[in-house]
Amino acid sequence: MTNQDRRVISTGTAPWKSPVALSVFLHLLIVVVALAGWSWTSPVDEPPPRSISARLVTQQQPEPSPVVEPDDQPDRDQERRAEEERKKAEAERRRQEEEARKIAEQKAQEEEARRKAEEERKKQEALAKEQEAAKAREAARQKAEAEAKERERQKAEEERKRQEAERKQAEEEQRRLEEQRKQEEAERRRQEEEARKEAERKRLEAERRLKEQQLEALAEESRKAKEAEARRQQQAAAARAKEAQMLSESEKYQALIRERLSQAWYPPSSATEEMTARLQITLLPTGELASVKLVSSSGNTAFDNSALSAVRSLNRYPIPDDRETFERYFRQFTIEFNPRRLR
Amino acid sequence: MTKRTWTTSHKALTAALAALIMLATGARAELLIRITEGADAALPISVVPFAENGVIPPGDKVANIVRDDLAMSGEFRPLPAEKMLSLPSRREDVYFRDWRMLGQRYVLVGELSRNGDRVVARYELFDVNQEKRILGETAAASVNGMRTLGHHISDKVYEAITGVPGAFSTKLAYITLDTFNGKPRYRLQVSDVDGKRAKIRLESQEPILSPAWSPDGKRLAYVSFETGKPAIYIHELSSGQRTKVADFKGLNSAPAWSEDGRSLLMTLSKDGNAEVYRMELASRQLTKLTNHWAIDTEATYDHSGDGIFFTSDRSGGPQIYHMKSPGAEPRRITFGSRYNARPRSDNTGDYVYYVHQRNSAFHIARTNLNNGEETVLTRTESDESPSVSPNGRMLIYATKQSGNSVLTVISADGGAAYSLPASEGDVREPAWGPIVD
């Protein structure tokens, strides 16, 4: 029981610092000692003063802490322990009652003596009570003072809390504003970001477009190049075809010229298979001979003459109608006279 | 303005392109046409009758002689005078266009003038197509030498056109056979190549065979049976002096002159078998060139003058053999048939000509010594005694015509034939004389 008290007292360490609290404490201590003395002489059936302390504890709780839970646990503990204590006390009480009955019987004789003593004690007690009452009044006053102080304190506390709350609210507001600002900032940033992104997107888009345009231009260029190449190839193919045609045309007329010249050529008796005369022929587009030049002599005048005479004997050379073929092959060409089969 | 600029630049571009094409074309190998065969025909030539200034002896016209000579060669096709559009005798009168129209390749014009007892010929040969004079000379001959003059001009024209010396001024030797007073009359005659101006050099009732010209054209060697047996004589034409050089026992035949005229090839059988010998004329020393159990005969010098061709039946029938140098192993030349005889070399060394039997007919054939290719040159039958002109371009041989033996001239490649005017009787054993200056 004392342990319990001390514990309870010790709990209220904070009030030690104020003299009110000290006074309260001392009063209480006296009361407790008196009660203890009582309890020791008479059976204690009243509930343990823990409720007071409990109330004190409750009262002394500085502020409605939002965190009640952690203190609740020790409270339940205390109740449990108080129950146990209570049970124990019950048992003790019974035992003590038994004991007291026995003692009463034993000490009935002493009652008188004691009664006197009691009266004395009651007188003293009344005095004590008076003192006590004074003390109590004082205590009450002090208490009221304390309570006023407490209320004041609480009020201050409340004020403080209110201020705190206000502050908090302000803070909250500020925070909120801040938050809002931040949000706005964020929004702004976001918008900025978005704008930036948009700008970036636009830039990229522009770049992409430019690139696309460039690519398109390249593609166009490539397409054009390809087309040009295709055209060129087509032209080349056409040119080749033309070439082939001209060649075949040319071959036809070469054969004709060969035939005509073979008929016109009278290889002289002195001709040998080793003799070769080369003549460069220039024709007019009419097929008439424009000029002939002996570019390589056979070394035999008669042979050279026979060739020259043969070349000049044709009034008109058989030439293709196609002017291009003519220009390509027959405007100027070489005739080689070289008997392969002499008679 | 802009348009004009464009047009200008366009033109410039076109020009540049054209230049490029031209350049490209220029870079290309120029077209080359090879002519490997000539006309298989005689060359058209016009021999315009010569103008005559002063008194020119009647008779043979120089232009006609030239025309016939050229025709005889087989290489020319002279235009008859009546087809000529004009008869120029000088260059300034020659209208090439006219001659071109007539398809003529050459035109020979000229004029004769009298200079004392000589006749001077001034003549020009024109290439019609080139409109160019390729020959212009003067030549003179005695008043009665118009044929000589004609043949001379023929030679010059022939050489100017063909590059080969003409052989129209050369002589022919041949043997004629007829009967006189019921007896056979063999006559050795010498004439121009056209058979004209023939002169009898020897007459005999016994056979005369194998006349052969000395390289200088002054002597003839031949075989005469005038003593009843064959003997080889050398006949000095200018003096008529004859020398019997070989009269051995057995055969004395087929004389052939060496290039230097100092020795004769001949076939002798004095040792029992017919073999080819060489006789040094100065010393009459004999060298036996062949030695075979078969008959070896009809030897003739080859183109080099060192080796000989001869006929031998060592393979069973007569075939032509070539001994490249004295003592060398003879190489058989002919394989085309079972009978090939009487070889004659030409001056080029490319061919050997001979009598060739095919399908029981005798032709003249030649073998290309470079590739062994044999060509039958004649279409006539019973052909014999080929003799090649000294320029290698013509060939004379004897053949049968209406039962008589006649001489025919062909071009050495077997072209057009020209028969010499036939006299009475047979004409055989022709020998073409050398070109003499």
# chains A, B, ... in the order shown; residues from 1 in each chain; ligands from 1

$ select_by_dssp --residues "segment 112-340 of chain A" --states "strand (DSSP E or B)" --output "JSON, numbers by chain"
{"A": [277, 278, 279, 280, 281, 282, 283, 289, 290, 291, 292, 293, 294, 295, 296, 332, 333, 334, 335, 336, 337]}

$ closest_atom_pairs --of "chain B" --to "chain A" --cutoff "10 Å" --atoms "only C-alpha atoms" --output "CSV"
residue,atom,partner,partner_atom,distance
B:Ile21,CA,A:Arg328,CA,9.6
B:Met22,CA,A:Arg328,CA,8.6
B:Thr25,CA,A:Arg328,CA,6.7
B:Gly26,CA,A:Arg328,CA,9.0
B:Arg28,CA,A:Arg328,CA,9.4
B:Ala29,CA,A:Phe333,CA,9.4
B:Glu30,CA,A:Phe333,CA,5.7
B:Leu31,CA,A:Phe333,CA,4.9
B:Leu32,CA,A:Thr334,CA,4.7
B:Ile33,CA,A:Ile335,CA,4.7
B:Arg34,CA,A:Glu336,CA,4.6
B:Ile35,CA,A:Phe337,CA,4.8
B:Thr36,CA,A:Pro339,CA,4.2
B:Glu37,CA,A:Pro339,CA,5.5
B:Gly38,CA,A:Ser262,CA,4.7
B:Ala39,CA,A:Gln263,CA,4.4
B:Asp40,CA,A:Gln263,CA,7.5
B:Ala41,CA,A:Tyr266,CA,7.8
B:Ala42,CA,A:Tyr266,CA,7.7
B:Leu43,CA,A:Tyr266,CA,6.3
B:Pro44,CA,A:Tyr266,CA,9.5
B:Glu75,CA,A:Ser269,CA,8.2
B:Phe76,CA,A:Tyr266,CA,9.8
B:Arg100,CA,A:Ser313,CA,7.7
B:Met101,CA,A:Asn315,CA,9.7
B:Gly103,CA,A:Ser313,CA,8.4
B:Gln104,CA,A:Ser313,CA,9.2
B:Arg105,CA,A:Ser309,CA,7.4
B:Tyr106,CA,A:Ser309,CA,9.4
B:Asp127,CA,A:Ser309,CA,7.0
B:Val128,CA,A:Ser309,CA,7.7
B:Asn129,CA,A:Arg312,CA,5.1
B:Gln130,CA,A:Ser309,CA,5.8
B:Glu131,CA,A:Ser309,CA,9.1
B:Lys132,CA,A:Ser309,CA,9.7
B:Ile134,CA,A:Asn305,CA,9.0
B:Tyr158,CA,A:Ser269,CA,9.3
B:Glu159,CA,A:Ala302,CA,8.1
B:Ala160,CA,A:Ala302,CA,6.5
B:Ile161,CA,A:Ala302,CA,5.4
B:Thr162,CA,A:Pro268,CA,4.2
B:Gly163,CA,A:Ala302,CA,4.9
B:Val164,CA,A:Ser270,CA,5.4
B:Pro165,CA,A:Ser270,CA,9.2
B:Asn391,CA,A:Ser269,CA,9.7
B:Gly392,CA,A:Ser269,CA,9.3
B:Arg393,CA,A:Ser269,CA,7.1
B:Ser411,CA,A:Arg343,CA,9.6
B:Ala412,CA,A:Arg343,CA,8.6
B:Asp413,CA,A:Arg343,CA,5.3
B:Gly414,CA,A:Arg343,CA,7.9
B:Gly415,CA,A:Arg343,CA,8.3

$ write_last_selection --atoms "N, CA and C atoms" --output "short mmCIF file (atom, residue, chain, number, x, y, z; two decimals), in the first residue's frame"
data_model
loop_
_atom_site.label_atom_id
_atom_site.label_comp_id
_atom_site.auth_asym_id
_atom_site.auth_seq_id
_atom_site.Cartn_x
_atom_site.Cartn_y
_atom_site.Cartn_z
N ILE B 21 30.32 12.61 -128.48
CA ILE B 21 29.98 11.42 -129.25
C ILE B 21 31.04 11.18 -130.31
N MET B 22 31.42 12.27 -130.95
CA MET B 22 32.46 12.18 -131.99
C MET B 22 33.73 11.61 -131.39
N THR B 25 33.25 8.14 -130.64
CA THR B 25 33.30 7.42 -131.91
C THR B 25 34.73 7.31 -132.39
N GLY B 26 35.44 8.42 -132.19
CA GLY B 26 36.84 8.42 -132.61
C GLY B 26 37.65 7.40 -131.85
N ARG B 28 36.59 4.70 -130.72
CA ARG B 28 36.24 3.37 -131.19
C ARG B 28 37.15 2.98 -132.35
N ALA B 29 37.46 1.68 -132.42
CA ALA B 29 38.28 1.23 -133.53
C ALA B 29 37.53 1.47 -134.82
N GLU B 30 38.21 2.04 -135.75
CA GLU B 30 37.56 2.35 -137.01
C GLU B 30 37.19 1.07 -137.73
N LEU B 31 36.09 1.18 -138.40
CA LEU B 31 35.61 0.03 -139.16
C LEU B 31 36.69 -0.42 -140.16
N LEU B 32 36.89 -1.72 -140.20
CA LEU B 32 37.89 -2.26 -141.13
C LEU B 32 37.22 -3.33 -141.98
N ILE B 33 37.31 -3.13 -143.26
CA ILE B 33 36.75 -4.12 -144.17
C ILE B 33 37.91 -4.80 -144.87
N ARG B 34 37.93 -6.12 -144.78
CA ARG B 34 39.03 -6.86 -145.40
C ARG B 34 38.58 -7.43 -146.74
N ILE B 35 39.39 -7.19 -147.72
CA ILE B 35 39.11 -7.75 -149.03
C ILE B 35 40.17 -8.82 -149.26
N THR B 36 39.71 -10.04 -149.30
CA THR B 36 40.67 -11.13 -149.42
C THR B 36 40.56 -11.84 -150.77
N GLU B 37 39.55 -11.44 -151.52
CA GLU B 37 39.42 -12.06 -152.83
C GLU B 37 39.19 -10.98 -153.87
N GLY B 38 39.82 -11.21 -154.99
CA GLY B 38 39.65 -10.24 -156.06
C GLY B 38 38.65 -10.75 -157.09
N ALA B 39 38.47 -9.91 -158.08
CA ALA B 39 37.55 -10.29 -159.15
C ALA B 39 38.08 -11.54 -159.84
N ASP B 40 37.18 -12.45 -160.09
CA ASP B 40 37.58 -13.67 -160.78
C ASP B 40 37.39 -13.44 -162.28
N ALA B 41 37.89 -12.33 -162.70
CA ALA B 41 37.70 -11.97 -164.11
C ALA B 41 38.92 -11.21 -164.57
N ALA B 42 39.02 -11.09 -165.89
CA ALA B 42 40.16 -10.36 -166.45
C ALA B 42 39.93 -8.87 -166.28
N LEU B 43 41.02 -8.17 -166.21
CA LEU B 43 40.97 -6.73 -165.94
C LEU B 43 40.60 -5.95 -167.20
N PRO B 44 39.58 -5.12 -167.11
CA PRO B 44 39.18 -4.35 -168.30
C PRO B 44 40.22 -3.28 -168.62
N GLU B 75 44.93 -12.29 -168.22
CA GLU B 75 44.70 -11.41 -167.09
C GLU B 75 43.99 -10.13 -167.50
N PHE B 76 43.90 -9.88 -168.79
CA PHE B 76 43.29 -8.64 -169.27
C PHE B 76 42.16 -8.95 -170.23
N ARG B 100 35.28 5.37 -167.39
CA ARG B 100 34.62 4.78 -166.22
C ARG B 100 33.28 4.21 -166.60
N MET B 101 32.57 4.98 -167.41
CA MET B 101 31.26 4.53 -167.85
C MET B 101 31.36 3.22 -168.60
N GLY B 103 33.40 1.04 -167.90
CA GLY B 103 33.86 0.03 -166.95
C GLY B 103 35.34 -0.28 -167.10
N GLN B 104 36.05 0.64 -167.71
CA GLN B 104 37.47 0.38 -167.95
C GLN B 104 38.31 0.77 -166.74
N ARG B 105 39.32 0.00 -166.49
CA ARG B 105 40.21 0.30 -165.37
C ARG B 105 41.45 1.04 -165.83
N TYR B 106 41.89 0.67 -167.03
CA TYR B 106 43.10 1.30 -167.55
C TYR B 106 42.88 1.70 -169.00
N ASP B 127 45.32 5.11 -165.11
CA ASP B 127 44.41 4.41 -164.20
C ASP B 127 43.12 5.23 -164.23
N VAL B 128 42.07 4.64 -164.75
CA VAL B 128 40.83 5.38 -164.95
C VAL B 128 40.23 5.82 -163.60
N ASN B 129 40.21 4.93 -162.65
CA ASN B 129 39.57 5.25 -161.38
C ASN B 129 40.36 6.27 -160.58
N GLN B 130 41.64 6.13 -160.65
CA GLN B 130 42.46 7.09 -159.92
C GLN B 130 42.74 8.34 -160.75
N GLU B 131 42.34 8.26 -162.02
CA GLU B 131 42.57 9.37 -162.95
C GLU B 131 44.03 9.80 -162.89
N LYS B 132 44.83 8.79 -163.01
CA LYS B 132 46.26 8.99 -162.80
C LYS B 132 47.05 8.29 -163.90
N ILE B 134 49.98 6.17 -164.91
CA ILE B 134 50.90 5.30 -164.19
C ILE B 134 52.08 4.89 -165.07
N TYR B 158 52.10 -4.35 -168.94
CA TYR B 158 51.85 -5.49 -168.05
C TYR B 158 52.55 -5.29 -166.72
N GLU B 159 53.78 -4.87 -166.78
CA GLU B 159 54.55 -4.70 -165.54
C GLU B 159 53.99 -3.55 -164.70
N ALA B 160 53.57 -2.47 -165.42
CA ALA B 160 53.05 -1.30 -164.68
C ALA B 160 51.79 -1.68 -163.90
N ILE B 161 51.01 -2.55 -164.50
CA ILE B 161 49.74 -2.88 -163.84
C ILE B 161 49.87 -4.03 -162.86
N THR B 162 50.65 -5.01 -163.24
CA THR B 162 50.69 -6.21 -162.41
C THR B 162 51.89 -6.26 -161.47
N GLY B 163 52.89 -5.47 -161.77
CA GLY B 163 54.08 -5.53 -160.93
C GLY B 163 55.00 -6.67 -161.32
N VAL B 164 54.64 -7.35 -162.37
CA VAL B 164 55.45 -8.48 -162.83
C VAL B 164 55.95 -8.15 -164.23
N PRO B 165 57.22 -8.40 -164.49
CA PRO B 165 57.72 -8.11 -165.83
C PRO B 165 56.92 -8.88 -166.88
N ASN B 391 58.22 -15.15 -166.63
CA ASN B 391 57.71 -14.37 -165.50
C ASN B 391 56.78 -15.19 -164.62
N GLY B 392 56.62 -16.45 -164.99
CA GLY B 392 55.83 -17.34 -164.15
C GLY B 392 54.34 -17.15 -164.27
N ARG B 393 53.92 -16.28 -165.18
CA ARG B 393 52.50 -15.95 -165.24
C ARG B 393 51.75 -16.72 -166.32
N SER B 411 47.00 -18.76 -168.54
CA SER B 411 47.66 -18.09 -167.42
C SER B 411 48.09 -19.18 -166.43
N ALA B 412 49.10 -18.86 -165.72
CA ALA B 412 49.72 -19.89 -164.90
C ALA B 412 48.77 -20.44 -163.84
N ASP B 413 47.72 -19.69 -163.54
CA ASP B 413 46.77 -20.19 -162.56
C ASP B 413 45.61 -20.93 -163.22
N GLY B 414 45.73 -21.13 -164.50
CA GLY B 414 44.70 -21.91 -165.17
C GLY B 414 43.60 -21.08 -165.78
N GLY B 415 43.84 -19.77 -165.89
CA GLY B 415 42.82 -18.90 -166.45
C GLY B 415 42.69 -19.07 -167.96
#

$ atom_distance --atom1 "atom CA of Ile295 of chain B" --atom2 "atom CA of Arg314 of chain B"
6.9 Å

$ closest_residue --among "B:Ser46, B:Asn291, B:Ser214, B:Ser73" --to "Ser86 of chain B" --atoms "only C-alpha atoms"
B:Ser46

$ residues_around --residues "segment 235-251 of chain B" --least-positions-apart "4" --cutoff "12 Å" --atoms "only C-alpha atoms" --output "PyMOL selection string"
chain B and resi 171+173+188-190+199-202+211-214+216-231+255+263-286+295-298

$ residues_around --residues "segment 140-156 of chain B" --least-positions-apart "4" --cutoff "7 Å" --atoms "only C-alpha atoms" --output "ChimeraX atom specification"
/B:57,60,62-63,65-66,69-70,117-121,160,165-169

$ write_last_selection --atoms "N, CA and C atoms" --output "PDB file, in the first residue's frame"
ATOM      1  N   PRO B  57      54.694   2.082-191.396  1.00  0.00           N
ATOM      2  CA  PRO B  57      54.494   0.924-192.277  1.00  0.00           C
ATOM      3  C   PRO B  57      53.152   0.254-192.039  1.00  0.00           C
ATOM      4  N   ASP B  60      50.827  -4.833-189.272  1.00  0.00           N
ATOM      5  CA  ASP B  60      50.454  -4.960-187.853  1.00  0.00           C
ATOM      6  C   ASP B  60      50.432  -3.615-187.153  1.00  0.00           C
ATOM      7  N   VAL B  62      50.496  -1.541-183.884  1.00  0.00           N
ATOM      8  CA  VAL B  62      51.103  -1.711-182.549  1.00  0.00           C
ATOM      9  C   VAL B  62      50.045  -1.940-181.482  1.00  0.00           C
ATOM     10  N   ALA B  63      48.989  -1.125-181.528  1.00  0.00           N
ATOM     11  CA  ALA B  63      47.952  -1.242-180.497  1.00  0.00           C
ATOM     12  C   ALA B  63      47.312  -2.624-180.516  1.00  0.00           C
ATOM     13  N   ILE B  65      48.775  -5.365-181.462  1.00  0.00           N
ATOM     14  CA  ILE B  65      49.721  -6.331-180.888  1.00  0.00           C
ATOM     15  C   ILE B  65      49.641  -6.305-179.363  1.00  0.00           C
ATOM     16  N   VAL B  66      49.614  -5.074-178.870  1.00  0.00           N
ATOM     17  CA  VAL B  66      49.529  -4.921-177.405  1.00  0.00           C
ATOM     18  C   VAL B  66      48.240  -5.541-176.881  1.00  0.00           C
ATOM     19  N   ASP B  69      48.424  -9.272-176.985  1.00  0.00           N
ATOM     20  CA  ASP B  69      49.345  -9.772-175.940  1.00  0.00           C
ATOM     21  C   ASP B  69      48.652  -9.806-174.591  1.00  0.00           C
ATOM     22  N   LEU B  70      48.025  -8.671-174.282  1.00  0.00           N
ATOM     23  CA  LEU B  70      47.390  -8.576-172.967  1.00  0.00           C
ATOM     24  C   LEU B  70      46.251  -9.595-172.834  1.00  0.00           C
ATOM     25  N   ASP B 117      64.575   5.756-190.198  1.00  0.00           N
ATOM     26  CA  ASP B 117      64.101   4.408-190.466  1.00  0.00           C
ATOM     27  C   ASP B 117      63.580   3.748-189.198  1.00  0.00           C
ATOM     28  N   ARG B 118      63.302   4.568-188.264  1.00  0.00           N
ATOM     29  CA  ARG B 118      62.762   4.041-187.003  1.00  0.00           C
ATOM     30  C   ARG B 118      61.400   4.637-186.710  1.00  0.00           C
ATOM     31  N   VAL B 119      60.699   3.889-185.955  1.00  0.00           N
ATOM     32  CA  VAL B 119      59.391   4.370-185.524  1.00  0.00           C
ATOM     33  C   VAL B 119      59.450   4.583-184.016  1.00  0.00           C
ATOM     34  N   VAL B 120      59.042   5.767-183.606  1.00  0.00           N
ATOM     35  CA  VAL B 120      59.072   6.093-182.176  1.00  0.00           C
ATOM     36  C   VAL B 120      57.645   6.051-181.641  1.00  0.00           C
ATOM     37  N   ALA B 121      57.508   5.340-180.571  1.00  0.00           N
ATOM     38  CA  ALA B 121      56.185   5.276-179.917  1.00  0.00           C
ATOM     39  C   ALA B 121      56.245   6.037-178.598  1.00  0.00           C
ATOM     40  N   ALA B 160      53.569  -2.469-165.416  1.00  0.00           N
ATOM     41  CA  ALA B 160      53.050  -1.304-164.679  1.00  0.00           C
ATOM     42  C   ALA B 160      51.787  -1.680-163.897  1.00  0.00           C
ATOM     43  N   PRO B 165      57.216  -8.396-164.485  1.00  0.00           N
ATOM     44  CA  PRO B 165      57.716  -8.108-165.832  1.00  0.00           C
ATOM     45  C   PRO B 165      56.924  -8.878-166.882  1.00  0.00           C
ATOM     46  N   GLY B 166      56.671  -8.212-167.956  1.00  0.00           N
ATOM     47  CA  GLY B 166      55.967  -8.898-169.024  1.00  0.00           C
ATOM     48  C   GLY B 166      56.881  -9.889-169.735  1.00  0.00           C
ATOM     49  N   ALA B 167      56.283 -10.844-170.402  1.00  0.00           N
ATOM     50  CA  ALA B 167      57.068 -11.858-171.109  1.00  0.00           C
ATOM     51  C   ALA B 167      56.652 -11.933-172.569  1.00  0.00           C
ATOM     52  N   PHE B 168      56.167 -10.776-173.041  1.00  0.00           N
ATOM     53  CA  PHE B 168      55.635 -10.799-174.407  1.00  0.00           C
ATOM     54  C   PHE B 168      56.714 -10.643-175.470  1.00  0.00           C
ATOM     55  N   SER B 169      57.867 -10.198-175.014  1.00  0.00           N
ATOM     56  CA  SER B 169      58.948 -10.038-175.978  1.00  0.00           C
ATOM     57  C   SER B 169      59.810 -11.289-176.065  1.00  0.00           C
TER      58      SER B 169
END

$ closest_residue --among "A:Arg93, A:Lys149, A:Arg81, A:Lys135" --to "Ile30 of chain A" --atoms "only C-alpha atoms"
A:Lys135

$ closest_residue --among "A:Lys143, A:Lys224, A:Lys252, A:Arg203" --to "Leu22 of chain A" --atoms "only C-alpha atoms"
A:Lys143

$ residues_around --residues "Phe50 of chain B" --least-positions-apart "6" --cutoff "8 Å" --atoms "only C-alpha atoms" --output "list in words"
Val62, Ala63, Ser89, Val109, Gly110, Glu111 and Leu112 of chain B

$ atom_distance --atom1 "atom CA of Arg344 of chain B" --atom2 "atom CA of Phe309 of chain B"
7.6 Å

$ select_by_dssp --residues "segment 69-246 of chain B" --states "alpha helix (DSSP H)" --output "list in words"
Asp69, Leu70, Ala71, Met72, Phe96, Arg97, Asp98, Trp99, Arg100, Met101, Met146, Arg147, Thr148, Leu149, Gly150, His151, His152, Ile153, Ser154, Asp155, Lys156, Val157, Tyr158, Glu159, Ala160, Ile161 and Thr162 of chain B

$ closest_residue --among "B:Thr179, B:Ser113, B:Ser258, B:Thr408" --to "Leu377 of chain B" --atoms "only C-alpha atoms"
B:Thr408

$ residues_around --residues "Leu177 of chain B" --least-positions-apart "5" --cutoff "7 Å" --atoms "only C-alpha atoms" --output "list in words"
Pro184, Arg185, Tyr186, Arg187, Gly425, Asp426 and Val427 of chain B

$ decode --residues "segment 60-79 of chain B" --atoms "N, CA and C atoms" --output "tab-separated table (two decimals), in the first residue's frame"
chain	number	residue	atom	x	y	z
B	60	ASP	N	50.83	-4.83	-189.27
B	60	ASP	CA	50.45	-4.96	-187.85
B	60	ASP	C	50.43	-3.61	-187.15
B	61	LYS	N	49.30	-3.38	-186.53
B	61	LYS	CA	49.18	-2.17	-185.76
B	61	LYS	C	49.68	-2.42	-184.34
B	62	VAL	N	50.50	-1.54	-183.88
B	62	VAL	CA	51.10	-1.71	-182.55
B	62	VAL	C	50.05	-1.94	-181.48
B	63	ALA	N	48.99	-1.13	-181.53
B	63	ALA	CA	47.95	-1.24	-180.50
B	63	ALA	C	47.31	-2.62	-180.52
B	64	ASN	N	47.15	-3.15	-181.73
B	64	ASN	CA	46.55	-4.48	-181.82
B	64	ASN	C	47.44	-5.55	-181.20
B	65	ILE	N	48.78	-5.36	-181.46
B	65	ILE	CA	49.72	-6.33	-180.89
B	65	ILE	C	49.64	-6.31	-179.36
B	66	VAL	N	49.61	-5.07	-178.87
B	66	VAL	CA	49.53	-4.92	-177.41
B	66	VAL	C	48.24	-5.54	-176.88
B	67	ARG	N	47.15	-5.21	-177.56
B	67	ARG	CA	45.85	-5.72	-177.13
B	67	ARG	C	45.84	-7.24	-177.10
B	68	ASP	N	46.37	-7.87	-178.16
B	68	ASP	CA	46.38	-9.33	-178.22
B	68	ASP	C	47.30	-9.93	-177.18
B	69	ASP	N	48.42	-9.27	-176.98
B	69	ASP	CA	49.34	-9.77	-175.94
B	69	ASP	C	48.65	-9.81	-174.59
B	70	LEU	N	48.03	-8.67	-174.28
B	70	LEU	CA	47.39	-8.58	-172.97
B	70	LEU	C	46.25	-9.60	-172.83
B	71	ALA	N	45.53	-9.77	-173.93
B	71	ALA	CA	44.44	-10.74	-173.90
B	71	ALA	C	44.98	-12.15	-173.72
B	72	MET	N	46.11	-12.42	-174.38
B	72	MET	CA	46.67	-13.75	-174.31
B	72	MET	C	47.07	-14.12	-172.88
B	73	SER	N	47.46	-13.11	-172.15
B	73	SER	CA	47.90	-13.40	-170.77
B	73	SER	C	46.77	-13.97	-169.92
B	74	GLY	N	45.55	-13.72	-170.40
B	74	GLY	CA	44.42	-14.19	-169.61
B	74	GLY	C	44.09	-13.26	-168.45
B	75	GLU	N	44.93	-12.29	-168.22
B	75	GLU	CA	44.70	-11.41	-167.09
B	75	GLU	C	43.99	-10.13	-167.50
B	76	PHE	N	43.90	-9.88	-168.79
B	76	PHE	CA	43.29	-8.64	-169.27
B	76	PHE	C	42.16	-8.95	-170.23
B	77	ARG	N	41.22	-8.02	-170.22
B	77	ARG	CA	40.09	-8.12	-171.14
B	77	ARG	C	40.03	-6.80	-171.89
B	78	PRO	N	40.77	-6.71	-172.99
B	78	PRO	CA	40.81	-5.44	-173.72
B	78	PRO	C	39.46	-5.13	-174.36
B	79	LEU	N	39.14	-3.86	-174.36
B	79	LEU	CA	37.88	-3.40	-174.96
B	79	LEU	C	38.08	-3.27	-176.47
